[in-house]
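Enquirer: Please read through the structure below; I'll follow up with questions.
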Amino acid sequence: MSRFLADKGLLPNTKPVVELAQQVRDKASDMASELVLSAMNFLGVPYRRGGTSEKSGFDCSGFTRHVFENSVGLILPRRASEQANSPDLIPIQKSELKPGDLVFFNTLRHTFSHVGIYIGDDKFIHSPRAGGQVRVEDMRQAYWQQRFDGARRAPVVTSRQPNTKQNN
């Protein structure tokens, strides 16, 4: 599977999906892990400007909004810049990134013009551009390093959830 994704250009220069998923499970809270694994289910979905669903395709903020709403129940604003400025999200430093954090980039010559979801190991998942598909990218690539604008954390995603299952 990972070879197929790499051959299609969906996982350039990344570890196999199984290894990434295991890293997320090992390092992330339950909700962050669920969020990242949910995002990975959309690998290969085509980009579509204004797109907000798997069926229609996603733009970057439509993708992050869909994943957050359907995996952890958090409704994000519609546009990347609005997500970056949301009072419900906490600004964090790049050195503090954890799986499930939103990462923002300046790709259109203005701040917060692109957004993705950090998945760990300096990688993020996003819906890149017209003609592209949801894929994983390495933030260490010069293109992304030069355009990194900041990151935000949703407190509900990174807090460890207590085990609520009880045997009666």
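Scheme for the structure tokens: letters A, B, ... for chains in order shown; per-chain residue numbers from 1; ligand numbers from 1 in order shown.
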Near Asp122 of chain A, within 10 Å and counting only C-alpha atoms, which residues show up once chain neighbours fewer than 4 positions away are dropped, as an mmCIF file with N, CA and C atoms, in the first residue's frame?
Expert:
data_model
loop_
_atom_site.group_PDB
_atom_site.id
_atom_site.type_symbol
_atom_site.label_atom_id
_atom_site.label_comp_id
_atom_site.auth_asym_id
_atom_site.auth_seq_id
_atom_site.Cartn_x
_atom_site.Cartn_y
_atom_site.Cartn_z
ATOM 1 N N LYS A 94 6.901 26.093 16.688
ATOM 2 C CA LYS A 94 7.210 24.938 15.839
ATOM 3 C C LYS A 94 7.837 23.814 16.656
ATOM 4 N N LEU A 97 5.294 21.296 18.332
ATOM 5 C CA LEU A 97 4.300 20.585 17.525
ATOM 6 C C LEU A 97 4.050 19.170 18.019
ATOM 7 N N LYS A 98 2.764 18.805 18.008
ATOM 8 C CA LYS A 98 2.321 17.456 18.333
ATOM 9 C C LYS A 98 1.330 17.028 17.265
ATOM 10 N N PRO A 99 1.195 15.710 17.047
ATOM 11 C CA PRO A 99 0.203 15.251 16.078
ATOM 12 C C PRO A 99 -1.181 15.838 16.379
ATOM 13 N N TYR A 118 -0.513 18.528 11.282
ATOM 14 C CA TYR A 118 0.760 17.910 11.650
ATOM 15 C C TYR A 118 0.514 16.470 12.076
ATOM 16 N N GLU A 137 3.485 15.587 3.377
ATOM 17 C CA GLU A 137 4.681 16.333 2.980
ATOM 18 C C GLU A 137 5.629 16.432 4.173
ATOM 19 N N ASP A 138 6.877 16.655 3.875
ATOM 20 C CA ASP A 138 7.904 16.822 4.900
ATOM 21 C C ASP A 138 8.156 18.318 5.101
ATOM 22 N N MET A 139 7.949 18.805 6.312
ATOM 23 C CA MET A 139 8.132 20.226 6.617
ATOM 24 C C MET A 139 9.592 20.654 6.552
ATOM 25 N N ARG A 140 10.512 19.696 6.473
ATOM 26 C CA ARG A 140 11.931 20.032 6.380
ATOM 27 C C ARG A 140 12.342 20.405 4.954
ATOM 28 N N GLN A 141 11.471 20.164 3.979
ATOM 29 C CA GLN A 141 11.774 20.577 2.615
ATOM 30 C C GLN A 141 11.862 22.104 2.574
#
Enquirer: Run DSSP on the backbone and grab whatever in segment 55-93 of chain A lands in alpha helix (DSSP H); send it over as a list in words.
Expert: Cys60, Ser61, Gly62, Phe63, Thr64, Arg65, His66, Val67, Phe68, Glu69, Asn70, Ser71, Val72, Ala80, Ser81, Glu82, Gln83 and Ala84 of chain A
Enquirer: Could you pull out the strand (DSSP E) residues of segment 53-167 of chain A from DSSP and send them as a ChimeraX atom specification?
Expert: /A:53,57-58,90-92,102-105,114-120,123-126,135-138,148-153
Enquirer: Let me make sure I understand: among A:Thr52, A:Gly150, A:Met40, A:His110, which one has the smallest atom-to-atom distance to Glu69 of chain A if we use only C-alpha atoms?
Expert: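 The answer is A:Thr52, which sits nearest to Glu69 of chain A.
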Enquirer: Excluding Ala154 of chain A and its own-chain neighbours fewer than 3 positions away, which residues fall within 10 Å of it when counting only C-alpha atoms? Please give them as a list in words.
Expert: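 That gives Ala32, Phe68, Leu74, Leu76, Ser86, Pro87, Asp88, Leu89, Ile90, Pro91, Gly100, Asp101, Leu102, Val157, Thr158 and Ser159 of chain A.
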Enquirer: Figure out the distance between atom CA of Asp30 of chain A and atom CA of Phe112 of chain A, please, to one decimal in Å.
Expert: 27.6 Å
Enquirer: Between atom CA of Arg129 of chain A and atom CA of Tyr47 of chain A, what is the distance, to one decimal in Å?
Expert: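 The value is 6.0 Å.
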Enquirer: Would you mind telling me which residue in A:Asn106, A:Ser113, A:Thr64, A:Gly44 lies nearest to Tyr143 of chain A when using only C-alpha atoms?
Expert: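 Answer, going by the shortest atom-to-atom distance: A:Asn106.
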